[in-house]
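Presented below is the structure to which this report refers.
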Amino acid sequence: MTDLLRRLLRTPQGAIGSALLLLLLLLCIAGPALAPRDPEAIDFLGRFRPPGAENWLGADQLGRDVLSRLMTGARATIPLALLATLLGTLAGAVIGTLSAYLGGRWDEAIMRNIDAVMAIPGLLLALLLVSSLGKGSLNATLAIAVAFTPGMARVTRSVALNVRAQDYVKAALARGEGSLFIVLREMLPNVVGPVVVETTIRVAFAVMLFATMSFLGLGAQPPAPEWGLMVAEARRFVHQAPWIILAPALAIAVTAIAFNLLGDGLRDALNPRDER
Amino acid sequence: MSAGWLIRRLLLVVYTVLVVSVLVFAITQVLPADAAVTLLGENATPEALAAVRDRLGLNDPVWLQYWRWLTHAVAGDFGLSMRTGQPVAPMMLVALSRSLLLALLSILLMLAIAVPLGLWAALRQGRAADLLTGLVSYIGVSVPEFVTATVLLMLLADWLQWLPATGYVPPSEDLWDSLAHLALPVITVSVIMVAHVSRMVRSETIDVLHSDYIRAARLKGLPERAVLLHHTLRNALLPVITIVALDVGYLLGGIIVVEEIFAIPGIGRQLIVAITARDLPAIQAGALIMAMTYAIVSTLADIAYALLDRRIRYD
C-alpha cells in the first residue's frame, strides 16, 4: 500500500491530483470555518461588488461573498459526488462480478440487459429518476448512483472474467465453496485495482453530473451554495458581474481535473510497465 | 458479415428498446403526481377525479397499463400531452429532428478538429505540441457543458457579439441565420468529444506506428507520406468509429443541457419541460425515442465497423 502510494506520487498526474484533492478535502472539512465571511449574509449595498479587498472574489446579486460561498459549497458538492460514485460502483461491482462468476447463459442474459439499460444516456436516466423521486441533493445522489451502475457492472465484469480464469478461483470451486463465498472473498478483492481507477475517474464525472443537475434546478436547492446552482443563479447577471459565474465554474473544473489526474496517476502506479 | 449476424444485431435493437420501455414505464409510473390531479387541477371533485382515473385506466393492474401503453406506442401513439393536450409523438419527433441536426453538425465539427489534432499529437509524441494537446483535452473532459456553454456565451455573444446568444431558426427559413444560431451549441457539445476522440486517435496512431506492418512498409522503402496515408491512417481510424458511437450516448445527454441553455426546441429541452411539468406521456415518449436513437446509431456503427475492417469475420 505504501509502495503504491510512493509510485502514485512519483507520477506527475498523481502528485498534482493528490495535492489538489488534499486542498479540496481541507475545504470540505474546514471550509465554513475558514471562510472569511458568512456565506448567507446579505448585503444590499455590496451587490455586484467586483473582486477587491473587501470581497476577494467579488460579491453576488445579493451582496453575498463569492469566496465564502465557494468554500462552504465544497461540502455541498464533493462528498455527495463521492457517495454517488461509491454506491454506483458497489452495485455495479457486485452485478459485474456475479455475472462473470455465473458465466455462460446467465452472463449473456445479464450483460444484454445491462447493454440495453446503457442505451439511456446517464444524464437522462438520472433526470427520469429525480423526476419521480422528487428534486433535492440526496435524490440526485441516488439517481447518479443508479445511472453509474450499469457502466461499472460492465467494467467489473471484464476484469472479473480474467480473475475467474485464475487458479485460486478454480481451487475454491474444487474445495466446494459456495457461490457467494467465491464471489465476495476470492474474486471481488482481486477485481478492486482496475475498478478503483475507473471509480476515481468517474468521481470527476459525478461532480460534473451533480453540478449539472443542480444547474437544471433538480439537484441542490437555493439558497445552498452548491457550485452548479451558483452558476445557474448567476447566469442572469452575467453582464453586470461575470465573476459570480467564473468562480464556481472554475471550482467545478478544478475538482473534476483533480479526480481525473488522480485516476490516471493510479492507473500508471498500478501498471508500471505501461508507458503510455 | 453474414445475414445471421445482421438479423441477430437487429433483434438486439428490438430487445434493447423493450427493456428501455419497461424501465421508463416503471420509473415514470412511480411518479408521486396523480395523473388525474395533474389534468383536472387541485380543486377537482372526487367524482370527477374517479371518472378521469377510470377513463385513463389508472385503476387497472400495472402490467395491463404497460401493455396498453406499449401496444399504442408501437403504433406511434404515445398519448396526449398533459400540458398542451396535443399528441406527444409528433411533437417529440419534430423536436428530435432539430436535435439530430445539432448532433450531426457537432460530430462533423468534432471530427474535423479531433482527427488532425490526434494525428499531429501522435507524430510529435512526447514533444511540446503533444503535451499541450494533452493538457487541453484534459481540461476539455473536466468541464461540464453548462460551464462551457456559459463561458462561450459570455465571450462570443456578450462581449465580442459575433454570434446570436440563444434561440432557434429553422434552416428552411434562413440558412445562414440558422447556422449562426446553432454555432454556439455545436461548439459547446463538440468540446468534450474533441477531447475524447483526439486522445483516442493519438493512442491508436501510436500503436499502429509501432506495429510490424508499418516497420515492414518503411523497410520496403515506401515514402513516409504513403506510409502515413495508406497504412497508418486507415488502421488508426477504425477504432475511432466505436468511440464516436459511444460518444453519441454522451452527445444525447449533453444535448439536453445545451438545448436548455441555448433555448433550442429539441428533444432535450422538451424532456426538461416535460419533467418539470410532470407531463407523463411526454416524458415516456421523449425518453424512449432518445434511447431508440442511441440503439440504432450504435448498431449502425457496429455494422460500419464490420464492413470496413476486413479482419473481422462475424459468423
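Letters A, B, ... go to the chains of the C-alpha cells in the order shown; residues in each chain start at 1; ligands are counted from 1 in the same order.
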Please return, as a PyMOL selection string, all residues of chain A lying within 8 Å of chain B when only C-alpha atoms are considered.
-> chain A and resi 113+115-117+119-124+127-129+131-133+204-205+208-209+212+215-216+231+235+238-239+242+246+249+252-254+256-257+260
Show which residues sit within 9 Å of Ala74 of chain A, as a PyMOL selection string. Count only C-alpha atoms, and ignore same-chain residues fewer than 6 positions away.
-> chain A and resi 24-25+27-29+31+225-227+251
Output all heavy atoms for every residue in the selection just made, as a PDB file, in the first residue's frame.
ATOM      1  N   LEU A  24      -8.933  20.199  -1.511  1.00  0.00           N
ATOM      2  CA  LEU A  24     -10.393  20.112  -1.540  1.00  0.00           C
ATOM      3  C   LEU A  24     -10.928  19.431  -0.286  1.00  0.00           C
ATOM      4  O   LEU A  24     -11.973  19.818   0.250  1.00  0.00           O
ATOM      5  CB  LEU A  24     -10.859  19.355  -2.788  1.00  0.00           C
ATOM      6  CG  LEU A  24     -10.643  20.107  -4.102  1.00  0.00           C
ATOM      7  CD1 LEU A  24     -10.916  19.210  -5.289  1.00  0.00           C
ATOM      8  CD2 LEU A  24     -11.565  21.326  -4.155  1.00  0.00           C
ATOM      9  N   LEU A  25     -10.190  18.426   0.192  1.00  0.00           N
ATOM     10  CA  LEU A  25     -10.579  17.737   1.418  1.00  0.00           C
ATOM     11  C   LEU A  25     -10.594  18.715   2.589  1.00  0.00           C
ATOM     12  O   LEU A  25     -11.530  18.740   3.392  1.00  0.00           O
ATOM     13  CB  LEU A  25      -9.602  16.599   1.700  1.00  0.00           C
ATOM     14  CG  LEU A  25      -9.912  15.748   2.926  1.00  0.00           C
ATOM     15  CD1 LEU A  25     -11.128  14.879   2.659  1.00  0.00           C
ATOM     16  CD2 LEU A  25      -8.729  14.871   3.311  1.00  0.00           C
ATOM     17  N   LEU A  27     -11.056  21.873   2.375  1.00  0.00           N
ATOM     18  CA  LEU A  27     -12.223  22.748   2.204  1.00  0.00           C
ATOM     19  C   LEU A  27     -13.502  22.061   2.675  1.00  0.00           C
ATOM     20  O   LEU A  27     -14.367  22.688   3.279  1.00  0.00           O
ATOM     21  CB  LEU A  27     -12.378  23.139   0.738  1.00  0.00           C
ATOM     22  CG  LEU A  27     -11.530  24.297   0.233  1.00  0.00           C
ATOM     23  CD1 LEU A  27     -11.911  24.627  -1.194  1.00  0.00           C
ATOM     24  CD2 LEU A  27     -11.719  25.511   1.124  1.00  0.00           C
ATOM     25  N   CYS A  28     -13.616  20.755   2.375  1.00  0.00           N
ATOM     26  CA  CYS A  28     -14.826  20.035   2.772  1.00  0.00           C
ATOM     27  C   CYS A  28     -14.935  19.968   4.287  1.00  0.00           C
ATOM     28  O   CYS A  28     -16.023  20.043   4.849  1.00  0.00           O
ATOM     29  CB  CYS A  28     -14.815  18.619   2.201  1.00  0.00           C
ATOM     30  SG  CYS A  28     -15.163  18.566   0.467  1.00  0.00           S
ATOM     31  N   ILE A  29     -13.769  19.777   4.945  1.00  0.00           N
ATOM     32  CA  ILE A  29     -13.801  19.634   6.406  1.00  0.00           C
ATOM     33  C   ILE A  29     -13.938  20.993   7.081  1.00  0.00           C
ATOM     34  O   ILE A  29     -14.802  21.205   7.925  1.00  0.00           O
ATOM     35  CB  ILE A  29     -12.531  18.924   6.908  1.00  0.00           C
ATOM     36  CG1 ILE A  29     -12.495  17.505   6.357  1.00  0.00           C
ATOM     37  CG2 ILE A  29     -12.472  18.924   8.427  1.00  0.00           C
ATOM     38  CD1 ILE A  29     -11.182  16.804   6.577  1.00  0.00           C
ATOM     39  N   GLY A  31     -14.019  24.195   5.444  1.00  0.00           N
ATOM     40  CA  GLY A  31     -14.401  25.322   4.592  1.00  0.00           C
ATOM     41  C   GLY A  31     -15.181  26.407   5.312  1.00  0.00           C
ATOM     42  O   GLY A  31     -14.789  27.571   5.301  1.00  0.00           O
ATOM     43  N   PRO A 225     -25.129  26.884  -1.221  1.00  0.00           N
ATOM     44  CA  PRO A 225     -24.013  27.381  -2.022  1.00  0.00           C
ATOM     45  C   PRO A 225     -23.418  26.296  -2.909  1.00  0.00           C
ATOM     46  O   PRO A 225     -22.215  26.250  -3.107  1.00  0.00           O
ATOM     47  CB  PRO A 225     -23.017  27.852  -0.944  1.00  0.00           C
ATOM     48  CG  PRO A 225     -23.302  27.000   0.232  1.00  0.00           C
ATOM     49  CD  PRO A 225     -24.750  26.603   0.158  1.00  0.00           C
ATOM     50  N   GLU A 226     -24.252  25.384  -3.428  1.00  0.00           N
ATOM     51  CA  GLU A 226     -23.745  24.335  -4.307  1.00  0.00           C
ATOM     52  C   GLU A 226     -23.245  25.012  -5.584  1.00  0.00           C
ATOM     53  O   GLU A 226     -23.869  25.940  -6.091  1.00  0.00           O
ATOM     54  CB  GLU A 226     -24.864  23.334  -4.607  1.00  0.00           C
ATOM     55  CG  GLU A 226     -24.394  21.976  -5.070  1.00  0.00           C
ATOM     56  CD  GLU A 226     -24.019  21.940  -6.533  1.00  0.00           C
ATOM     57  OE1 GLU A 226     -24.600  22.716  -7.314  1.00  0.00           O
ATOM     58  OE2 GLU A 226     -23.134  21.173  -6.886  1.00  0.00           O
ATOM     59  N   TRP A 227     -22.103  24.500  -6.132  1.00  0.00           N
ATOM     60  CA  TRP A 227     -21.436  25.223  -7.219  1.00  0.00           C
ATOM     61  C   TRP A 227     -22.258  25.312  -8.503  1.00  0.00           C
ATOM     62  O   TRP A 227     -22.316  26.364  -9.133  1.00  0.00           O
ATOM     63  CB  TRP A 227     -20.077  24.581  -7.505  1.00  0.00           C
ATOM     64  CG  TRP A 227     -19.130  24.696  -6.342  1.00  0.00           C
ATOM     65  CD1 TRP A 227     -19.226  25.574  -5.306  1.00  0.00           C
ATOM     66  CD2 TRP A 227     -17.962  23.914  -6.104  1.00  0.00           C
ATOM     67  NE1 TRP A 227     -18.191  25.385  -4.438  1.00  0.00           N
ATOM     68  CE2 TRP A 227     -17.391  24.371  -4.900  1.00  0.00           C
ATOM     69  CE3 TRP A 227     -17.329  22.871  -6.793  1.00  0.00           C
ATOM     70  CZ2 TRP A 227     -16.230  23.829  -4.376  1.00  0.00           C
ATOM     71  CZ3 TRP A 227     -16.172  22.334  -6.270  1.00  0.00           C
ATOM     72  CH2 TRP A 227     -15.629  22.807  -5.072  1.00  0.00           C
ATOM     73  N   ALA A 251     -14.209  26.251 -10.017  1.00  0.00           N
ATOM     74  CA  ALA A 251     -14.118  25.292  -8.911  1.00  0.00           C
ATOM     75  C   ALA A 251     -14.556  23.905  -9.368  1.00  0.00           C
ATOM     76  O   ALA A 251     -13.917  22.896  -9.037  1.00  0.00           O
ATOM     77  CB  ALA A 251     -14.984  25.758  -7.742  1.00  0.00           C
TER      78      ALA A 251
END
From the list B:Phe262, B:Leu119, B:Val194, B:Lys220, which residue is nearest Thr232 of chain B when using only C-alpha atoms?
->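 Residue with the minimum atom-to-atom distance to Thr232 of chain B: B:Leu119.
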